[in-house]
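Below is the file protein.cif, which contains mmCIF, C-alpha atoms.
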data_coords
loop_
_atom_site.group_PDB
_atom_site.id
_atom_site.type_symbol
_atom_site.label_atom_id
_atom_site.label_comp_id
_atom_site.auth_asym_id
_atom_site.auth_seq_id
_atom_site.Cartn_x
_atom_site.Cartn_y
_atom_site.Cartn_z
ATOM 1 C CA MET A 1 0.000 0.000 0.000
ATOM 2 C CA ARG A 2 1.347 3.432 -0.907
ATOM 3 C CA ALA A 3 2.412 5.921 1.744
ATOM 4 C CA SER A 4 -0.297 8.169 3.135
ATOM 5 C CA PRO A 5 -0.131 11.842 4.132
ATOM 6 C CA ALA A 6 1.586 12.292 7.502
ATOM 7 C CA SER A 7 -0.837 14.997 8.616
ATOM 8 C CA ASN A 8 -3.962 16.811 7.504
ATOM 9 C CA LEU A 9 -3.468 18.797 4.321
ATOM 10 C CA VAL A 10 -6.699 20.762 4.802
ATOM 11 C CA LEU A 11 -7.347 22.914 7.889
ATOM 12 C CA PHE A 12 -10.657 24.126 9.338
ATOM 13 C CA ASP A 13 -9.896 27.027 11.639
ATOM 14 C CA GLY A 14 -12.729 29.116 10.184
ATOM 15 C CA PRO A 15 -15.990 28.677 8.289
ATOM 16 C CA VAL A 16 -14.164 28.039 5.013
ATOM 17 C CA PRO A 17 -11.710 25.123 4.700
ATOM 18 C CA GLU A 18 -8.144 26.209 3.982
ATOM 19 C CA LEU A 19 -5.106 24.331 2.785
ATOM 20 C CA ALA A 20 -2.431 23.849 5.417
ATOM 21 C CA PRO A 21 0.636 26.124 5.212
ATOM 22 C CA ASN A 22 2.962 25.309 2.314
ATOM 23 C CA VAL A 23 0.358 22.996 0.760
ATOM 24 C CA GLU A 24 -0.318 23.694 -2.912
ATOM 25 C CA ALA A 25 -3.144 22.493 -5.120
ATOM 26 C CA THR A 26 -0.739 20.029 -6.724
ATOM 27 C CA THR A 27 0.025 18.586 -3.276
ATOM 28 C CA ILE A 28 -3.670 17.811 -2.815
ATOM 29 C CA ALA A 29 -3.965 16.392 -6.334
ATOM 30 C CA ASP A 30 -0.923 14.150 -5.851
ATOM 31 C CA ALA A 31 -2.281 12.859 -2.533
ATOM 32 C CA CYS A 32 -5.718 12.263 -4.061
ATOM 33 C CA ARG A 33 -4.329 10.279 -6.978
ATOM 34 C CA GLU A 34 -2.077 8.266 -4.673
ATOM 35 C CA ALA A 35 -4.939 7.448 -2.294
ATOM 36 C CA GLY A 36 -7.261 6.500 -5.152
ATOM 37 C CA LEU A 37 -4.722 4.186 -6.748
ATOM 38 C CA ALA A 38 -3.953 2.655 -3.339
ATOM 39 C CA PHE A 39 -7.624 1.720 -2.940
ATOM 40 C CA LEU A 40 -7.763 0.069 -6.367
ATOM 41 C CA GLU A 41 -4.539 -1.802 -5.674
ATOM 42 C CA GLY A 42 -5.855 -2.920 -2.300
ATOM 43 C CA ALA A 43 -9.130 -4.087 -3.805
ATOM 44 C CA ARG A 44 -7.219 -6.311 -6.223
ATOM 45 C CA GLY A 45 -5.250 -7.640 -3.252
ATOM 46 C CA GLY A 46 -8.353 -8.695 -1.310
ATOM 47 C CA TRP A 47 -8.810 -5.879 1.186
ATOM 48 C CA GLY A 48 -11.190 -6.378 4.097
ATOM 49 C CA LYS A 49 -12.572 -4.222 6.898
ATOM 50 C CA LEU A 50 -9.252 -3.537 8.632
ATOM 51 C CA GLU A 51 -7.522 -2.448 5.449
ATOM 52 C CA LEU A 52 -10.441 -0.226 4.478
ATOM 53 C CA ALA A 53 -10.428 1.407 7.920
ATOM 54 C CA ALA A 54 -6.689 2.044 7.668
ATOM 55 C CA TRP A 55 -7.154 3.602 4.225
ATOM 56 C CA LEU A 56 -9.972 5.845 5.419
ATOM 57 C CA VAL A 57 -7.968 7.139 8.372
ATOM 58 C CA GLY A 58 -4.509 7.212 6.827
ATOM 59 C CA SER A 59 -5.055 8.150 3.185
ATOM 60 C CA TYR A 60 -8.574 9.522 2.685
ATOM 61 C CA ARG A 61 -9.445 11.714 5.659
ATOM 62 C CA PRO A 62 -6.203 13.762 5.844
ATOM 63 C CA ILE A 63 -6.995 15.236 2.418
ATOM 64 C CA CYS A 64 -10.738 15.749 2.957
ATOM 65 C CA ALA A 65 -12.978 18.530 4.171
ATOM 66 C CA PRO A 66 -15.189 16.849 6.857
ATOM 67 C CA MET A 67 -18.554 18.442 6.129
ATOM 68 C CA ALA A 68 -22.084 18.063 7.524
ATOM 69 C CA GLU A 69 -25.388 19.760 6.769
ATOM 70 C CA ASP A 70 -27.922 21.240 9.139
ATOM 71 C CA ALA A 71 -31.647 21.347 8.440
ATOM 72 C CA SER A 72 -31.322 24.505 6.338
ATOM 73 C CA GLY A 73 -28.618 22.995 4.171
ATOM 74 C CA ILE A 74 -25.796 25.162 5.519
ATOM 75 C CA LEU A 75 -22.445 23.401 5.453
ATOM 76 C CA LEU A 76 -20.905 22.792 8.863
ATOM 77 C CA VAL A 77 -17.469 21.543 9.832
ATOM 78 C CA LEU A 78 -17.464 18.328 11.853
ATOM 79 C CA PRO A 79 -15.133 17.967 14.847
ATOM 80 C CA SER A 80 -11.980 16.024 14.152
ATOM 81 C CA GLY A 81 -12.335 12.318 14.914
ATOM 82 C CA THR A 82 -16.127 12.195 14.484
ATOM 83 C CA ALA A 83 -17.195 8.548 14.371
ATOM 84 C CA HIS A 84 -19.284 7.063 11.580
ATOM 85 C CA ALA A 85 -21.772 4.219 11.778
ATOM 86 C CA PRO A 86 -20.352 0.788 10.910
ATOM 87 C CA ILE A 87 -21.387 -1.684 8.258
ATOM 88 C CA ARG A 88 -21.361 -5.472 8.632
ATOM 89 C CA ALA A 89 -17.848 -6.880 8.383
ATOM 90 C CA GLY A 90 -18.996 -9.696 6.107
ATOM 91 C CA ALA A 91 -20.254 -7.228 3.516
ATOM 92 C CA VAL A 92 -17.075 -5.173 3.312
ATOM 93 C CA GLU A 93 -15.121 -7.386 0.914
ATOM 94 C CA GLY A 94 -17.944 -7.460 -1.616
ATOM 95 C CA LEU A 95 -18.496 -3.727 -1.291
ATOM 96 C CA ILE A 96 -14.824 -2.968 -1.881
ATOM 97 C CA GLU A 97 -14.805 -5.131 -4.997
ATOM 98 C CA LEU A 98 -17.955 -3.538 -6.424
ATOM 99 C CA VAL A 99 -16.677 -0.029 -5.736
ATOM 100 C CA ALA A 100 -13.348 -0.801 -7.404
ATOM 101 C CA VAL A 101 -15.103 -2.156 -10.503
ATOM 102 C CA ALA A 102 -17.325 0.920 -10.734
ATOM 103 C CA ALA A 103 -14.395 3.297 -10.233
ATOM 104 C CA THR A 104 -12.306 1.518 -12.853
ATOM 105 C CA SER A 105 -15.149 1.858 -15.336
ATOM 106 C CA ALA A 106 -15.476 5.561 -14.498
ATOM 107 C CA LEU A 107 -11.745 6.071 -14.998
ATOM 108 C CA ALA A 108 -12.013 4.433 -18.416
ATOM 109 C CA GLU A 109 -14.669 7.037 -19.246
ATOM 110 C CA LEU A 110 -12.326 9.829 -18.197
ATOM 111 C CA ALA A 111 -9.584 8.325 -20.357
ATOM 112 C CA ARG A 112 -11.960 8.558 -23.328
ATOM 113 C CA GLY A 113 -12.528 12.244 -22.613
ATOM 114 C CA GLU A 114 -15.988 11.715 -21.104
ATOM 115 C CA THR A 115 -16.740 13.880 -18.063
ATOM 116 C CA ALA A 116 -19.845 12.232 -16.600
ATOM 117 C CA PRO A 117 -17.934 10.938 -13.520
ATOM 118 C CA ILE A 118 -16.831 14.497 -12.680
ATOM 119 C CA ALA A 119 -20.357 15.823 -13.070
ATOM 120 C CA GLU A 120 -21.573 13.042 -10.761
ATOM 121 C CA ALA A 121 -18.981 13.961 -8.116
ATOM 122 C CA MET A 122 -20.274 17.520 -8.229
ATOM 123 C CA ARG A 123 -23.912 16.419 -7.996
ATOM 124 C CA ASP A 124 -23.057 14.193 -5.031
ATOM 125 C CA ARG A 125 -21.206 17.139 -3.473
ATOM 126 C CA ALA A 126 -18.338 14.730 -2.951
ATOM 127 C CA ILE A 127 -15.921 17.580 -3.634
ATOM 128 C CA ALA A 128 -15.836 21.061 -2.100
ATOM 129 C CA SER A 129 -13.870 24.263 -2.522
ATOM 130 C CA ALA A 130 -11.135 25.291 -0.101
ATOM 131 C CA GLN A 131 -8.966 28.369 0.086
ATOM 132 C CA GLY A 132 -5.536 27.760 -1.390
ATOM 133 C CA PRO A 133 -2.460 30.020 -1.308
ATOM 134 C CA ARG A 134 -3.609 31.997 -4.339
ATOM 135 C CA SER A 135 -7.140 30.893 -5.170
ATOM 136 C CA LEU A 136 -9.905 28.445 -4.343
ATOM 137 C CA VAL A 137 -9.091 24.810 -5.034
ATOM 138 C CA TRP A 138 -11.082 21.584 -5.059
ATOM 139 C CA VAL A 139 -10.750 19.085 -2.200
ATOM 140 C CA PRO A 140 -12.652 15.874 -1.394
ATOM 141 C CA ALA A 141 -15.608 16.413 0.963
ATOM 142 C CA ASP A 142 -16.179 13.860 3.736
ATOM 143 C CA ARG A 143 -19.958 14.045 4.206
ATOM 144 C CA PRO A 144 -22.152 11.782 6.350
ATOM 145 C CA ARG A 145 -23.808 8.985 4.367
ATOM 146 C CA LEU A 146 -21.663 9.615 1.306
ATOM 147 C CA ARG A 147 -21.328 6.400 -0.692
ATOM 148 C CA LEU A 148 -17.945 4.697 -0.651
ATOM 149 C CA GLU A 149 -17.866 4.871 -4.444
ATOM 150 C CA ALA A 150 -18.443 8.634 -4.279
ATOM 151 C CA ARG A 151 -15.644 8.972 -1.723
ATOM 152 C CA LEU A 152 -13.230 7.105 -3.964
ATOM 153 C CA MET A 153 -14.221 8.969 -7.123
ATOM 154 C CA SER A 154 -13.948 12.322 -5.334
ATOM 155 C CA LEU A 155 -10.200 11.696 -5.144
ATOM 156 C CA PHE A 156 -9.863 11.217 -8.874
ATOM 157 C CA ALA A 157 -12.255 14.113 -9.553
ATOM 158 C CA VAL A 158 -10.070 16.551 -7.598
ATOM 159 C CA ASP A 159 -6.973 15.317 -9.421
ATOM 160 C CA TYR A 160 -8.750 15.478 -12.783
ATOM 161 C CA LEU A 161 -10.029 19.020 -12.332
ATOM 162 C CA LEU A 162 -6.476 20.257 -11.780
ATOM 163 C CA ARG A 163 -4.788 18.302 -14.581
ATOM 164 C CA SER A 164 -7.290 16.673 -16.891
ATOM 165 C CA ASP A 165 -4.723 16.189 -19.669
ATOM 166 C CA ALA A 166 -3.050 13.419 -17.667
ATOM 167 C CA TYR A 167 -6.238 11.378 -17.908
ATOM 168 C CA THR A 168 -6.187 11.349 -21.702
ATOM 169 C CA THR A 169 -2.424 11.071 -22.194
ATOM 170 C CA ASP A 170 -1.006 9.127 -19.226
ATOM 171 C CA LEU A 171 -3.877 7.100 -17.760
ATOM 172 C CA LEU A 172 -3.813 3.398 -18.541
ATOM 173 C CA VAL A 173 -6.899 1.275 -17.823
ATOM 174 C CA CYS A 174 -6.309 -2.299 -18.947
ATOM 175 C CA GLY A 175 -9.435 -3.948 -20.297
ATOM 176 C CA ALA A 176 -8.004 -7.403 -19.578
ATOM 177 C CA CYS A 177 -7.045 -7.127 -15.900
ATOM 178 C CA ASP A 178 -8.382 -3.683 -14.857
ATOM 179 C CA GLU A 179 -4.900 -2.449 -13.945
ATOM 180 C CA VAL A 180 -4.959 1.343 -13.510
ATOM 181 C CA ASN A 181 -1.877 3.549 -13.561
ATOM 182 C CA PHE A 182 -0.540 6.779 -14.988
ATOM 183 C CA ASP A 183 2.546 5.299 -16.641
ATOM 184 C CA GLY A 184 1.369 6.168 -20.142
ATOM 185 C CA ALA A 185 -1.827 5.358 -22.029
ATOM 186 C CA GLU A 186 0.052 3.947 -25.024
ATOM 187 C CA ARG A 187 2.114 1.447 -23.049
ATOM 188 C CA ALA A 188 1.154 -2.187 -22.641
ATOM 189 C CA CYS A 189 -0.043 -3.365 -19.240
ATOM 190 C CA ALA A 190 2.940 -4.680 -17.275
ATOM 191 C CA ARG A 191 0.773 -7.062 -15.221
ATOM 192 C CA CYS A 192 -0.575 -8.753 -18.341
ATOM 193 C CA GLN A 193 2.880 -8.925 -19.914
ATOM 194 C CA ASP A 194 4.271 -10.575 -16.780
ATOM 195 C CA ARG A 195 1.522 -13.190 -17.005
ATOM 196 C CA GLY A 196 2.150 -13.794 -20.704
ATOM 197 C CA ARG A 197 -1.220 -12.598 -21.934
ATOM 198 C CA PRO A 198 -2.159 -9.718 -24.233
ATOM 199 C CA SER A 199 -3.458 -6.515 -22.703
ATOM 200 C CA HIS A 200 -6.255 -4.467 -24.168
ATOM 201 C CA ILE A 201 -5.794 -0.791 -23.415
ATOM 202 C CA ARG A 202 -9.110 0.964 -23.426
ATOM 203 C CA GLU A 203 -9.467 3.587 -26.127
ATOM 204 C CA THR A 204 -8.655 7.135 -25.102
ATOM 205 C CA GLY A 205 -9.756 10.486 -26.402
ATOM 206 C CA GLY A 206 -9.407 14.176 -25.663
ATOM 207 C CA GLY A 207 -11.497 16.951 -24.190
ATOM 208 C CA ASP A 208 -11.513 19.833 -21.745
ATOM 209 C CA ALA A 209 -13.242 18.377 -18.707
ATOM 210 C CA ALA A 210 -13.690 21.553 -16.710
ATOM 211 C CA ALA A 211 -15.533 23.294 -19.530
ATOM 212 C CA GLU A 212 -17.700 20.277 -20.320
ATOM 213 C CA VAL A 213 -18.569 19.493 -16.702
ATOM 214 C CA ALA A 214 -19.782 23.045 -16.146
ATOM 215 C CA GLY A 215 -22.606 22.205 -18.503
ATOM 216 C CA GLU A 216 -23.543 19.196 -17.215
ATOM 217 C CA GLY A 217 -25.708 3.008 -4.577
ATOM 218 C CA ASN A 218 -23.675 1.491 -2.261
ATOM 219 C CA GLU A 219 -24.649 3.935 0.443
ATOM 220 C CA THR A 220 -23.124 3.729 3.884
ATOM 221 C CA ASP A 221 -22.663 6.070 6.834
ATOM 222 C CA ALA A 222 -18.948 6.018 5.974
ATOM 223 C CA PRO A 223 -17.974 2.476 5.477
ATOM 224 C CA VAL A 224 -16.488 1.460 8.829
ATOM 225 C CA ARG A 225 -16.262 2.728 12.375
ATOM 226 C CA THR A 226 -12.837 4.265 12.869
ATOM 227 C CA ALA A 227 -13.189 5.850 16.289
#
As structure tokens - that is how I would like this structure written.
Amino acid sequence: MRASPASNLVLFDGPVPELAPNVEATTIADACREAGLAFLEGARGGWGKLELAAWLVGSYRPICAPMAEDASGILLVLPSGTAHAPIRAGAVEGLIELVAVAATSALAELARGETAPIAEAMRDRAIASAQGPRSLVWVPADRPRLRLEARLMSLFAVDYLLRSDAYTTDLLVCGACDEVNFDGAERACARCQDRGRPSHIRETGGGDAAAEVAGEGNETDAPVRTA
């Protein structure tokens, strides 16, 4: 599993989330991509409840804005360490697998220049704006009852909105084994080559996601109890 952020990258000292000192938008995007790929890698490796909990605490939450809503719909900041309701341990493995399959399919869409997954992240309010050093930036939003799939895709959405070109030039989604990496869309899948079988790289295309998105369940009370 890839290394996780050592500390929170987003601070909440006021009503508007702010990036921590010396944290740039690219720092958030790098951490989001790393956390998203770590989940997909873990899903292929047979993650269970403990691994998911470790990912939520170590990789996901340090780069998220923990948000809640009151009755009038005003966004509120949750106290650090707020616990979430658990789900049955026996259902976790299946949930992780289903979420990984759905996310891989969504990433293949992004590689083709389709922006529906980004529009969905916005509709789900799985991403939120935070004050960066020079301007507002996107960060994942940790909301109560946000689907695990939405949490995972929020990571890739934040990364995509900063550097969408990487998703049409560098993103590889293997149609044979569902390997996902950013080593280059035109390269063959190393996992399939190691196993002596042909890889089928899903077709890619171009497009300006931010401009297109502007025009456009597996629900759980956050997947596991971590407090």
Evaluate the PyMOL selection byres ((chain A and resi 118) around 9) and report residues as an NGL selection string: :A and (110 or 114-117 or 119-123 or 153-154 or 156-158 or 160-161 or 209-210 or 213)
Straight-line distance linking CA of Ala35 (chain A) with CA of Leu52 (chain A), stated in Å to one decimal: 11.6 Å
Residue neighbourhood Arg61 (chain A), 9 Å, all atoms listed in the file, exclusion window fewer than 6 positions, as a ChimeraX atom specification: /A:8,55,140,142
Option closest in space to Gly94 (chain A), from A:Val139, A:Ala43, A:Ile28, A:Cys174 [counting all atoms listed in the file]: A:Ala43
From A:Cys177, A:Leu107, A:Ala126, A:Val57, residue lying nearest Ser164 (chain A) [all atoms listed in the file]: A:Leu107
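Neighbouring residues of Ala25 (chain A) at 7 Å or closer, counting only C-alpha atoms and skipping chain neighbours under 2 positions away, are Val23, Thr27, Ile28, Ala29, Gly132 and Val137 of chain A.
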Atom-to-atom span, CA of Ala106 (chain A) and CA of Ala54 (chain A), Å: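 Separation between CA of Ala106 (chain A) and CA of Ala54 (chain A): 24.1 Å.
Pairwise distance (CA of Glu24 (chain A), CA of Pro133 (chain A)) equals 6.9 Å.
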Nearest candidate to Asp178 (chain A) (options A:Arg33, A:Arg151, A:Arg145, A:Arg44; using only C-alpha atoms):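 For Asp178 (chain A), the nearest of the candidates is A:Arg44.
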Output of the PyMOL selection byres ((chain A and resi 101) around 12), listed as a count of residues only: 28
